[in-house]
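Inspection log for the structure reproduced underneath, given as structure tokens.
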Number of protein chains: 4
Amino acid sequence: MSRSAPAHQRRTPENWRERWYEVIFEADTRAGKLFDVVLLIAILLSVAVVMMESVRSIRSEHGSMLFAAEWFFTVLFTVEYFVRIVCAPRPLRYVFSFYGIVDLLAILPTYLTAIPWFAGKAGTQRLATIRALRLLRAFRIFKLAHMLSEAHALRYAIWAARAKIAVFLSVVLISVVIVGSAMHLIEGGKVDADGNPIITGFDSIPESMYWAIVTMTTVGYGDISPSTPAGKLLAAGMMILGYCLIIVPTGIVSAELAHVGARGLTTQVCPGCMSEGHDADAKHCKYCGTHL
Amino acid sequence: MSRSAPAHQRRTPENWRERWYEVIFEADTRAGKLFDVVLLIAILLSVAVVMMESVRSIRSEHGSMLFAAEWFFTVLFTVEYFVRIVCAPRPLRYVFSFYGIVDLLAILPTYLTAIPWFAGKAGTQRLATIRALRLLRAFRIFKLAHMLSEAHALRYAIWAARAKIAVFLSVVLISVVIVGSAMHLIEGGKVDADGNPIITGFDSIPESMYWAIVTMTTVGYGDISPSTPAGKLLAAGMMILGYCLIIVPTGIVSAELAHVGARGLTTQVCPGCMSEGHDADAKHCKYCGTHL
Amino acid sequence: MSRSAPAHQRRTPENWRERWYEVIFEADTRAGKLFDVVLLIAILLSVAVVMMESVRSIRSEHGSMLFAAEWFFTVLFTVEYFVRIVCAPRPLRYVFSFYGIVDLLAILPTYLTAIPWFAGKAGTQRLATIRALRLLRAFRIFKLAHMLSEAHALRYAIWAARAKIAVFLSVVLISVVIVGSAMHLIEGGKVDADGNPIITGFDSIPESMYWAIVTMTTVGYGDISPSTPAGKLLAAGMMILGYCLIIVPTGIVSAELAHVGARGLTTQVCPGCMSEGHDADAKHCKYCGTHL
Amino acid sequence: MSRSAPAHQRRTPENWRERWYEVIFEADTRAGKLFDVVLLIAILLSVAVVMMESVRSIRSEHGSMLFAAEWFFTVLFTVEYFVRIVCAPRPLRYVFSFYGIVDLLAILPTYLTAIPWFAGKAGTQRLATIRALRLLRAFRIFKLAHMLSEAHALRYAIWAARAKIAVFLSVVLISVVIVGSAMHLIEGGKVDADGNPIITGFDSIPESMYWAIVTMTTVGYGDISPSTPAGKLLAAGMMILGYCLIIVPTGIVSAELAHVGARGLTTQVCPGCMSEGHDADAKHCKYCGTHL
């Protein structure tokens with residue numbers, strides 16, 4: 001990749017667009033790194049502003065200052081967004097990329113609050129919460145991950161194990177549906193002496209499924225908990241199942257990562273076919289047979 | 001297996017029964033895949049209908065529509081069930097197989113509600129819950145697993161570790177019995193000034209064992225929790241034990257899966273040096289360079 | 001070991017003591033296996049009797065039957081205990097072994113309830129709970145483990161990792177002490193308008209430590225939870241620490257078990273020095289250098 | 001290291017300072033080991049005194065005795081602190097080392113309570129809690145870890161995986177921010193019939209983030225829990241995410257530790273064939289049989 005290529009091998013940028021692209025989209029040069037760090041701090045500050053705005057006591061005291069800060073960051077990110085579009089070699093590809101959409105979503109809510117139709121329709125309360133969408137901007141922090149090659153190994157291990165994870169999640173969800181239904185059967189549908197239904201938290205299958213997920217993931221709020229002996233027995237079984245099931249995905253990704261890790265250690269490149277990924281004890285390229 | 005064999009190697013089905021068998025029981029052909037996907041959607045929809053029926057507000061509003069949808073899916077699955085029996089080379093073997101029994105249990109409850117004896121005896125409430133058994137139909141989703149060869153590796157790893165898991169579960173259950181009894185000894189059997197028993201949630205060993213399972217699996221509802229210093233000390237010890245015990249099965253299946261993973265990828269033997277342990281994507285022996 | 005040796009290699013037992021020893025202490029012969037299974041069922045039944053006795057409603061109804069069953073099992077286990085002493089080649093070694101002590105503790109409580117001094121002093125309530133000690137008898141179920149060679153691998157992995165586990169537990173306990181103290185500093189020691197202390201559940205360091213353990217092990221009862229922003233922040237940090245710390249012991253035992261598993265695969269015995277435990281790819285004995 | 005070198009190879013200490021250094025800072029000699037054990041017991045006792053002092057009932061009864069014990073340990077540790085400074089070859093390096101700072105922090109609070117300005121300003125309550133800082137002294141127990149070479153492997157594995165752990169924690173925190181904001185949007189900002197805000201526990205983004213951490217780490221106090229169907233659905237998704245996310249770091253450290261474990265044991269190189277990877281107990285090369 002051009003990213004990790006040494007500087008002297010790379011073509012010197014010829015015009016301002018290429019120079020700006022290097023600063024804004026890449027992080028190899030000093031200017032590029034500085035830009036990324038400054039941007040990261042700006043994102044963190046703007047997220048902090050949104051958070052503080054949501055606290056009633058802070059909002060009533062520093063409301064106007066937070067309002068100003070919010071518009072400052074919004075304008076800053078808007079400028080950044082348009083500069084990105086201008087610099088990108090293929091602007092449309094950036095606009096519809098994951099980060100392009102997140103960048104747009106990060107600035108939209110503040111502008112929406114300025115439109116009277118939105119401001120009038122949803123009420124102040126509602127608008128304050130729509131602003132929370134801007135927190136998606138925090139996803140840009142993931143750009144940090146570009147600097148960490150480790151993120152690649154993680155993503156690869158999870159990707160390699162996707163089929164096993166899908167099977168595991170299916171088992172979890174089917175267990176949740178069946179145990180939820182059984183708990184609804186056991187604990188729900190109670191009536192008091194007058195025939196009025198008693199609220200137990202197991203009054204419908206979806207509610208029981210919520211309880212089943214709370215239990216199986218070992219979160220255990222306790223807002224809903226079984227009261228009959230049969231319900232407690234089933235709950236105990238579910239807990240032990242959840243406690244044991246966590247083993248399976250752990251083992252899966254462990255094995256996958258161990259595999260990636262073992263392969264990750266080989267940095268030899270085959271002189272014959274330029275392929276990578278050879279085992280540490282390999283003497284010949286496993287793709288073309290050339291002696292390494 | 002015939003399942004994964006390429007189409008041109010397989011005998012062309014000669015009569016309608018074989019053709020139907022291929023569509024309904026297998027998933028190699030286009031028609032077979034389409035049938036499986038349609039069936040899966042029907043199962044999910046029918047499960048959703050049962051779920052919605054259990055919610056009081058939805059039932060009172062759309063009751064008749066849900067009733068119709070329920071009978072539609074029941075008849076559909078009944079037809080499917082009999083077609084499966086007709087197509088299967090050995091019908092009895094299908095009927096008494098796991099999926100055969102689940103298929104039957106999936107359609108029985110709806111028919112039972114139509115029998116006056118059942119409808120009159122158990123009351124509407126009860127019947128509504130018996131219907132939940134139909135959710136077992138969701139197990140058919142496991143047929144998806146047939147498509148994922150990964151499920152096999154998982155099942156193999158768990159099967160290979162079954163003895164270790166049995167030992168682990170024994171340790172957990174014995175700990176639960178002993179700690180449950182000890183907590184009953186410490187926290188239970190309290191009486192107030194008048195000699196009346198105080199309900200603490202540790203009033204019998206089974207109740208204390210329920211608490212012990214809730215604690216050891218780190219679910220922690222909080223509906224029962226110790227109040228005496230001695231009880232809190234024992235509870236703290238139990239928590240740390242549960243927190244540490246989870247290590248053991250994780251390690252077991254990890255090691256087992258690493259083993260399966262390592263073996264599952266390597267079946268080729270080098271014709272040159274007879275060495276084993278080649279990666280799945282290897283074309284040349286990594287020890288001597290011979291073409292595999 | 002003589003246990004796993006084939007039957008024809010073993011010396012035929014010569015007198016009744018050796019024959020009985022084989023039946024009672026070993027599980028190789030048919031009679032020995034039968035004895036173990038019958039004993040296991042008797043232990044499970046007697047544990048069930050103690051459990052049922054602790055439930056008020058069952059005790060008041062079937063009290064006399066449970067009383068009889070209890071004495072039946074106690075006498076049975078007493079006879080078994082003395083037969084074991086008689087059969088054992090070195091009786092004292094059995095008496096002071098782990099299982100010897102558990103066997104004695106299993107029968108003692110019932111006899112203690114028959115002594116007027118104990119019955120009169122502690123009251124009926126107390127005595128009912130002393131009986132719970134008998135549940136330690138359940139530990140005999142561990143004899144099952146003798147049949148599972150897997151238990152050995154587990155114990156070996158945990159033993160090999162004992163130093164790492166000790167370091168881990170030290171870190172956990174020191175974190176608990178420090179976070180507990182900090183939470184006591186933040187949340188505890190509150191007074192209301194009249195200067196009376198407010199009970200917050202963080203009123204002393206031991207109580208705060210109990211909360212810290214409940215939080216760190218992710219049990220989270222919710223009987224004690226922070227109410228101030230600073231307390232919630234510290235609690236959040238503690239949770240993430242606990243969530244991440246569980247990684248460490250899991251990894252430790254995983255690595256240890258993988259190691260045991262890898263070594264467990266080598267069944268080669270060196271012809272030179274009769275040593276075992278060679279790696280799968282070893283061509284020479286690593287102890288004496290003989291070609292394997 | 002000089003620590004593990006046999007005694008006869010080490011230079012005999014020439015003056016009292018070197019002899020004392022060996023006793024106080026090292027643990028190779030009998031006197032050094034004895035000193036460490038005595039110190040450890042003193043630390044544990046002093047921590048116990050601080051804990052007992054925080055319990056109201058014990059403080060009111062044994063207050064003066066605990067006060068005396070506290071000053072006894074403080075003076076003891078002060079003497080020890082100055083002896084360490086005197087003995088250390090480079091005193092300043094000790095003073096500003098991690099243990100030097102902890103040693104100072106361990107004795108400071110007691111002296112601070114003796115200064116009228118502090119005692120008068122913060123009130124008795126406050127001072128009692130400042131004392132809790134002394135518990136940091138417990139960190140000295142880590143010196144035990146010096147004896148355990150295992151601690152090194154652990155620290156190395158965590159250090160090697162630091163980038164992966166950073167990525168993991170970023171994902172967790174970003175999820176917490178986004179889910180917290182979404183829950184604030186869904187559950188917060190409710191008003192009753194009179195327009196007064198209803199306290200739901202999701203009234204600001206920081207509060208919702210606290211809930212998100214409680215849920216994602218599977219602690220689940222239940223002091224804040226969603227009440228709307230949409231909130232419950234999002235909470236269920238968050239729980240499953242948290243339940244699955246724990247896999248990732250487990251796998252990371254597992255793989256890292258397996259790697260460390262494999263490498264940690266093998267430093268010998270065969271003089272015959274220059275092969276590496278021999279077990280720690282190997283006396284002969286397993287590839288060519290040469291004596292190592």
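Chain labels A, B, ... are given in the sequence in which chains occur in the structure tokens; within each chain residues are numbered consecutively from 1, and ligands are likewise numbered from 1 in the order shown.
Applying a distance limit of 8 Å to only C-alpha atoms, the residues of chain B near chain D read B:Thr218, B:Val219, B:Gly220, B:Tyr221, B:Gly222.
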Write out as a PDB file with N, CA, C and O atoms, in the first residue's frame the residues lying within 12 Å of range 62-72 of chain B, counting only C-alpha atoms and excluding same-chain residues fewer than 2 positions away.
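Output file around17.pdb follows:
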```pdb
ATOM      1  N   ALA B  42     -41.449 -18.285   6.189  1.00  0.00           N
ATOM      2  CA  ALA B  42     -42.757 -18.687   6.728  1.00  0.00           C
ATOM      3  C   ALA B  42     -42.653 -18.991   8.218  1.00  0.00           C
ATOM      4  O   ALA B  42     -43.517 -18.614   9.010  1.00  0.00           O
ATOM      5  N   ILE B  43     -41.555 -19.696   8.620  1.00  0.00           N
ATOM      6  CA  ILE B  43     -41.381 -20.025  10.040  1.00  0.00           C
ATOM      7  C   ILE B  43     -41.248 -18.749  10.855  1.00  0.00           C
ATOM      8  O   ILE B  43     -41.902 -18.581  11.882  1.00  0.00           O
ATOM      9  N   LEU B  45     -42.288 -15.752  10.138  1.00  0.00           N
ATOM     10  CA  LEU B  45     -43.568 -15.044  10.185  1.00  0.00           C
ATOM     11  C   LEU B  45     -44.508 -15.705  11.179  1.00  0.00           C
ATOM     12  O   LEU B  45     -45.180 -15.031  11.967  1.00  0.00           O
ATOM     13  N   SER B  46     -44.558 -17.042  11.177  1.00  0.00           N
ATOM     14  CA  SER B  46     -45.491 -17.730  12.069  1.00  0.00           C
ATOM     15  C   SER B  46     -45.079 -17.541  13.529  1.00  0.00           C
ATOM     16  O   SER B  46     -45.928 -17.412  14.413  1.00  0.00           O
ATOM     17  N   VAL B  47     -43.740 -17.511  13.778  1.00  0.00           N
ATOM     18  CA  VAL B  47     -43.274 -17.242  15.147  1.00  0.00           C
ATOM     19  C   VAL B  47     -43.688 -15.824  15.548  1.00  0.00           C
ATOM     20  O   VAL B  47     -44.161 -15.596  16.666  1.00  0.00           O
ATOM     21  N   ALA B  48     -43.553 -14.874  14.609  1.00  0.00           N
ATOM     22  CA  ALA B  48     -43.930 -13.486  14.896  1.00  0.00           C
ATOM     23  C   ALA B  48     -45.417 -13.401  15.218  1.00  0.00           C
ATOM     24  O   ALA B  48     -45.830 -12.654  16.114  1.00  0.00           O
ATOM     25  N   VAL B  49     -46.255 -14.190  14.494  1.00  0.00           N
ATOM     26  CA  VAL B  49     -47.701 -14.179  14.748  1.00  0.00           C
ATOM     27  C   VAL B  49     -47.982 -14.648  16.173  1.00  0.00           C
ATOM     28  O   VAL B  49     -48.751 -14.027  16.911  1.00  0.00           O
ATOM     29  N   VAL B  50     -47.324 -15.754  16.593  1.00  0.00           N
ATOM     30  CA  VAL B  50     -47.536 -16.270  17.950  1.00  0.00           C
ATOM     31  C   VAL B  50     -47.114 -15.221  18.975  1.00  0.00           C
ATOM     32  O   VAL B  50     -47.789 -14.991  19.980  1.00  0.00           O
ATOM     33  N   MET B  51     -45.981 -14.556  18.708  1.00  0.00           N
ATOM     34  CA  MET B  51     -45.488 -13.525  19.635  1.00  0.00           C
ATOM     35  C   MET B  51     -46.488 -12.387  19.759  1.00  0.00           C
ATOM     36  O   MET B  51     -46.822 -11.952  20.857  1.00  0.00           O
ATOM     37  N   MET B  52     -46.967 -11.904  18.603  1.00  0.00           N
ATOM     38  CA  MET B  52     -47.898 -10.771  18.624  1.00  0.00           C
ATOM     39  C   MET B  52     -49.183 -11.152  19.336  1.00  0.00           C
ATOM     40  O   MET B  52     -49.784 -10.366  20.045  1.00  0.00           O
ATOM     41  N   GLU B  53     -49.615 -12.409  19.148  1.00  0.00           N
ATOM     42  CA  GLU B  53     -50.842 -12.876  19.782  1.00  0.00           C
ATOM     43  C   GLU B  53     -50.729 -12.834  21.304  1.00  0.00           C
ATOM     44  O   GLU B  53     -51.722 -12.717  22.015  1.00  0.00           O
ATOM     45  N   SER B  54     -49.481 -12.966  21.818  1.00  0.00           N
ATOM     46  CA  SER B  54     -49.314 -12.993  23.271  1.00  0.00           C
ATOM     47  C   SER B  54     -49.361 -11.589  23.887  1.00  0.00           C
ATOM     48  O   SER B  54     -49.460 -11.458  25.101  1.00  0.00           O
ATOM     49  N   VAL B  55     -49.272 -10.560  23.038  1.00  0.00           N
ATOM     50  CA  VAL B  55     -49.347  -9.191  23.569  1.00  0.00           C
ATOM     51  C   VAL B  55     -50.817  -8.794  23.637  1.00  0.00           C
ATOM     52  O   VAL B  55     -51.514  -8.778  22.619  1.00  0.00           O
ATOM     53  N   ARG B  56     -51.293  -8.470  24.864  1.00  0.00           N
ATOM     54  CA  ARG B  56     -52.708  -8.188  25.097  1.00  0.00           C
ATOM     55  C   ARG B  56     -53.270  -7.137  24.128  1.00  0.00           C
ATOM     56  O   ARG B  56     -54.310  -7.349  23.498  1.00  0.00           O
ATOM     57  N   SER B  57     -52.543  -6.008  23.977  1.00  0.00           N
ATOM     58  CA  SER B  57     -53.096  -4.893  23.199  1.00  0.00           C
ATOM     59  C   SER B  57     -53.221  -5.264  21.720  1.00  0.00           C
ATOM     60  O   SER B  57     -54.206  -4.919  21.070  1.00  0.00           O
ATOM     61  N   ILE B  58     -52.218  -5.983  21.184  1.00  0.00           N
ATOM     62  CA  ILE B  58     -52.285  -6.381  19.773  1.00  0.00           C
ATOM     63  C   ILE B  58     -53.399  -7.417  19.585  1.00  0.00           C
ATOM     64  O   ILE B  58     -54.154  -7.365  18.619  1.00  0.00           O
ATOM     65  N   ARG B  59     -53.515  -8.357  20.547  1.00  0.00           N
ATOM     66  CA  ARG B  59     -54.518  -9.412  20.423  1.00  0.00           C
ATOM     67  C   ARG B  59     -55.929  -8.832  20.392  1.00  0.00           C
ATOM     68  O   ARG B  59     -56.759  -9.244  19.589  1.00  0.00           O
ATOM     69  N   SER B  60     -56.188  -7.850  21.251  1.00  0.00           N
ATOM     70  CA  SER B  60     -57.546  -7.301  21.312  1.00  0.00           C
ATOM     71  C   SER B  60     -57.894  -6.520  20.043  1.00  0.00           C
ATOM     72  O   SER B  60     -59.061  -6.402  19.685  1.00  0.00           O
ATOM     73  N   THR B  74     -50.469 -22.978   9.982  1.00  0.00           N
ATOM     74  CA  THR B  74     -50.626 -24.341  10.476  1.00  0.00           C
ATOM     75  C   THR B  74     -50.964 -25.289   9.336  1.00  0.00           C
ATOM     76  O   THR B  74     -50.372 -26.372   9.206  1.00  0.00           O
ATOM     77  N   VAL B  75     -51.892 -24.882   8.474  1.00  0.00           N
ATOM     78  CA  VAL B  75     -52.268 -25.738   7.334  1.00  0.00           C
ATOM     79  C   VAL B  75     -51.070 -25.892   6.404  1.00  0.00           C
ATOM     80  O   VAL B  75     -50.753 -26.998   5.948  1.00  0.00           O
ATOM     81  N   LEU B  76     -50.372 -24.786   6.144  1.00  0.00           N
ATOM     82  CA  LEU B  76     -49.181 -24.826   5.285  1.00  0.00           C
ATOM     83  C   LEU B  76     -48.168 -25.841   5.814  1.00  0.00           C
ATOM     84  O   LEU B  76     -47.670 -26.695   5.063  1.00  0.00           O
ATOM     85  N   PHE B  77     -47.868 -25.770   7.112  1.00  0.00           N
ATOM     86  CA  PHE B  77     -46.866 -26.665   7.690  1.00  0.00           C
ATOM     87  C   PHE B  77     -47.383 -28.102   7.746  1.00  0.00           C
ATOM     88  O   PHE B  77     -46.597 -29.047   7.674  1.00  0.00           O
ATOM     89  N   THR B  78     -48.701 -28.255   7.867  1.00  0.00           N
ATOM     90  CA  THR B  78     -49.277 -29.610   7.865  1.00  0.00           C
ATOM     91  C   THR B  78     -49.080 -30.255   6.499  1.00  0.00           C
ATOM     92  O   THR B  78     -48.658 -31.403   6.386  1.00  0.00           O
ATOM     93  N   VAL B  79     -49.384 -29.476   5.440  1.00  0.00           N
ATOM     94  CA  VAL B  79     -49.182 -29.965   4.074  1.00  0.00           C
ATOM     95  C   VAL B  79     -47.708 -30.333   3.893  1.00  0.00           C
ATOM     96  O   VAL B  79     -47.376 -31.424   3.419  1.00  0.00           O
ATOM     97  N   ALA B 106     -44.788 -28.680  15.979  1.00  0.00           N
ATOM     98  CA  ALA B 106     -45.030 -27.315  15.495  1.00  0.00           C
ATOM     99  C   ALA B 106     -46.476 -27.121  15.061  1.00  0.00           C
ATOM    100  O   ALA B 106     -46.994 -26.003  15.080  1.00  0.00           O
ATOM    101  N   ILE B 107     -47.134 -28.207  14.635  1.00  0.00           N
ATOM    102  CA  ILE B 107     -48.506 -28.048  14.124  1.00  0.00           C
ATOM    103  C   ILE B 107     -49.554 -28.541  15.119  1.00  0.00           C
ATOM    104  O   ILE B 107     -50.705 -28.128  15.058  1.00  0.00           O
ATOM    105  N   LEU B 108     -49.158 -29.398  16.061  1.00  0.00           N
ATOM    106  CA  LEU B 108     -50.131 -29.987  16.991  1.00  0.00           C
ATOM    107  C   LEU B 108     -50.912 -28.944  17.806  1.00  0.00           C
ATOM    108  O   LEU B 108     -52.147 -29.020  17.855  1.00  0.00           O
ATOM    109  N   PRO B 109     -50.235 -27.954  18.480  1.00  0.00           N
ATOM    110  CA  PRO B 109     -50.976 -27.087  19.408  1.00  0.00           C
ATOM    111  C   PRO B 109     -52.191 -26.410  18.789  1.00  0.00           C
ATOM    112  O   PRO B 109     -53.239 -26.319  19.415  1.00  0.00           O
ATOM    113  N   THR B 110     -52.072 -25.929  17.544  1.00  0.00           N
ATOM    114  CA  THR B 110     -53.201 -25.236  16.928  1.00  0.00           C
ATOM    115  C   THR B 110     -54.396 -26.178  16.797  1.00  0.00           C
ATOM    116  O   THR B 110     -55.539 -25.785  17.054  1.00  0.00           O
ATOM    117  N   TYR B 111     -54.114 -27.439  16.396  1.00  0.00           N
ATOM    118  CA  TYR B 111     -55.210 -28.400  16.262  1.00  0.00           C
ATOM    119  C   TYR B 111     -55.816 -28.707  17.622  1.00  0.00           C
ATOM    120  O   TYR B 111     -57.025 -28.885  17.749  1.00  0.00           O
ATOM    121  N   THR B 113     -56.198 -26.727  20.097  1.00  0.00           N
ATOM    122  CA  THR B 113     -57.115 -25.670  20.546  1.00  0.00           C
ATOM    123  C   THR B 113     -58.491 -25.834  19.916  1.00  0.00           C
ATOM    124  O   THR B 113     -59.474 -25.275  20.404  1.00  0.00           O
ATOM    125  N   ALA B 114     -58.571 -26.587  18.801  1.00  0.00           N
ATOM    126  CA  ALA B 114     -59.849 -26.763  18.105  1.00  0.00           C
ATOM    127  C   ALA B 114     -60.681 -27.870  18.752  1.00  0.00           C
ATOM    128  O   ALA B 114     -61.887 -27.986  18.503  1.00  0.00           O
ATOM    129  N   ALA B 128     -53.587 -20.374  25.236  1.00  0.00           N
ATOM    130  CA  ALA B 128     -52.729 -19.380  24.597  1.00  0.00           C
ATOM    131  C   ALA B 128     -51.261 -19.710  24.837  1.00  0.00           C
ATOM    132  O   ALA B 128     -50.409 -19.520  23.973  1.00  0.00           O
ATOM    133  N   ARG B 131     -49.822 -22.869  22.956  1.00  0.00           N
ATOM    134  CA  ARG B 131     -49.408 -22.514  21.592  1.00  0.00           C
ATOM    135  C   ARG B 131     -47.915 -22.175  21.503  1.00  0.00           C
ATOM    136  O   ARG B 131     -47.309 -22.307  20.461  1.00  0.00           O
ATOM    137  N   ARG B 134     -45.302 -24.192  19.813  1.00  0.00           N
ATOM    138  CA  ARG B 134     -45.089 -24.125  18.380  1.00  0.00           C
ATOM    139  C   ARG B 134     -43.779 -23.419  18.026  1.00  0.00           C
ATOM    140  O   ARG B 134     -43.253 -23.594  16.936  1.00  0.00           O
TER     141      ARG B 134
END
```
Open item on the list: Set the distance at 9 Å and use only C-alpha atoms: which residues neighbour Val179 in chain B once local chain neighbours fewer than 3 positions away are removed? I'd like the list as a PyMOL selection string.
Closed with: chain B and resi 174-176+182-184+208-209+212+234-235+238
Now that the selection is made, can you save its residues with N, CA, C and O atoms as a PDB file, in the first residue's frame?
```pdb
ATOM      1  N   ILE B 174     -22.053 -28.800  42.647  1.00  0.00           N
ATOM      2  CA  ILE B 174     -21.720 -29.132  44.035  1.00  0.00           C
ATOM      3  C   ILE B 174     -21.429 -27.855  44.821  1.00  0.00           C
ATOM      4  O   ILE B 174     -21.871 -27.709  45.961  1.00  0.00           O
ATOM      5  N   SER B 175     -20.722 -26.900  44.195  1.00  0.00           N
ATOM      6  CA  SER B 175     -20.484 -25.614  44.862  1.00  0.00           C
ATOM      7  C   SER B 175     -21.818 -24.951  45.188  1.00  0.00           C
ATOM      8  O   SER B 175     -21.999 -24.391  46.273  1.00  0.00           O
ATOM      9  N   VAL B 176     -22.760 -25.010  44.233  1.00  0.00           N
ATOM     10  CA  VAL B 176     -24.061 -24.377  44.435  1.00  0.00           C
ATOM     11  C   VAL B 176     -24.784 -25.022  45.616  1.00  0.00           C
ATOM     12  O   VAL B 176     -25.339 -24.335  46.475  1.00  0.00           O
ATOM     13  N   ALA B 182     -24.954 -23.395  53.060  1.00  0.00           N
ATOM     14  CA  ALA B 182     -24.265 -22.543  54.032  1.00  0.00           C
ATOM     15  C   ALA B 182     -24.995 -21.203  54.180  1.00  0.00           C
ATOM     16  O   ALA B 182     -25.155 -20.692  55.290  1.00  0.00           O
ATOM     17  N   MET B 183     -25.472 -20.639  53.045  1.00  0.00           N
ATOM     18  CA  MET B 183     -26.189 -19.372  53.123  1.00  0.00           C
ATOM     19  C   MET B 183     -27.519 -19.546  53.859  1.00  0.00           C
ATOM     20  O   MET B 183     -27.947 -18.662  54.597  1.00  0.00           O
ATOM     21  N   HIS B 184     -28.183 -20.692  53.641  1.00  0.00           N
ATOM     22  CA  HIS B 184     -29.431 -20.976  54.369  1.00  0.00           C
ATOM     23  C   HIS B 184     -29.139 -21.019  55.866  1.00  0.00           C
ATOM     24  O   HIS B 184     -29.902 -20.511  56.680  1.00  0.00           O
ATOM     25  N   SER B 208     -32.049 -20.958  48.477  1.00  0.00           N
ATOM     26  CA  SER B 208     -30.663 -20.499  48.598  1.00  0.00           C
ATOM     27  C   SER B 208     -29.836 -20.948  47.402  1.00  0.00           C
ATOM     28  O   SER B 208     -28.934 -20.243  46.949  1.00  0.00           O
ATOM     29  N   MET B 209     -30.161 -22.148  46.880  1.00  0.00           N
ATOM     30  CA  MET B 209     -29.435 -22.631  45.708  1.00  0.00           C
ATOM     31  C   MET B 209     -29.751 -21.775  44.484  1.00  0.00           C
ATOM     32  O   MET B 209     -28.883 -21.515  43.659  1.00  0.00           O
ATOM     33  N   ALA B 212     -27.652 -18.926  44.829  1.00  0.00           N
ATOM     34  CA  ALA B 212     -26.252 -19.271  44.550  1.00  0.00           C
ATOM     35  C   ALA B 212     -25.999 -19.329  43.045  1.00  0.00           C
ATOM     36  O   ALA B 212     -24.956 -18.866  42.564  1.00  0.00           O
ATOM     37  N   LEU B 234     -19.417 -14.591  52.545  1.00  0.00           N
ATOM     38  CA  LEU B 234     -19.558 -15.832  51.786  1.00  0.00           C
ATOM     39  C   LEU B 234     -19.963 -15.512  50.349  1.00  0.00           C
ATOM     40  O   LEU B 234     -19.447 -16.126  49.395  1.00  0.00           O
ATOM     41  N   ALA B 235     -20.881 -14.541  50.189  1.00  0.00           N
ATOM     42  CA  ALA B 235     -21.329 -14.158  48.849  1.00  0.00           C
ATOM     43  C   ALA B 235     -20.159 -13.634  48.031  1.00  0.00           C
ATOM     44  O   ALA B 235     -20.007 -13.976  46.852  1.00  0.00           O
ATOM     45  N   MET B 238     -18.090 -16.459  46.871  1.00  0.00           N
ATOM     46  CA  MET B 238     -18.804 -17.170  45.797  1.00  0.00           C
ATOM     47  C   MET B 238     -18.667 -16.431  44.468  1.00  0.00           C
ATOM     48  O   MET B 238     -18.490 -17.045  43.427  1.00  0.00           O
TER      49      MET B 238
END
```
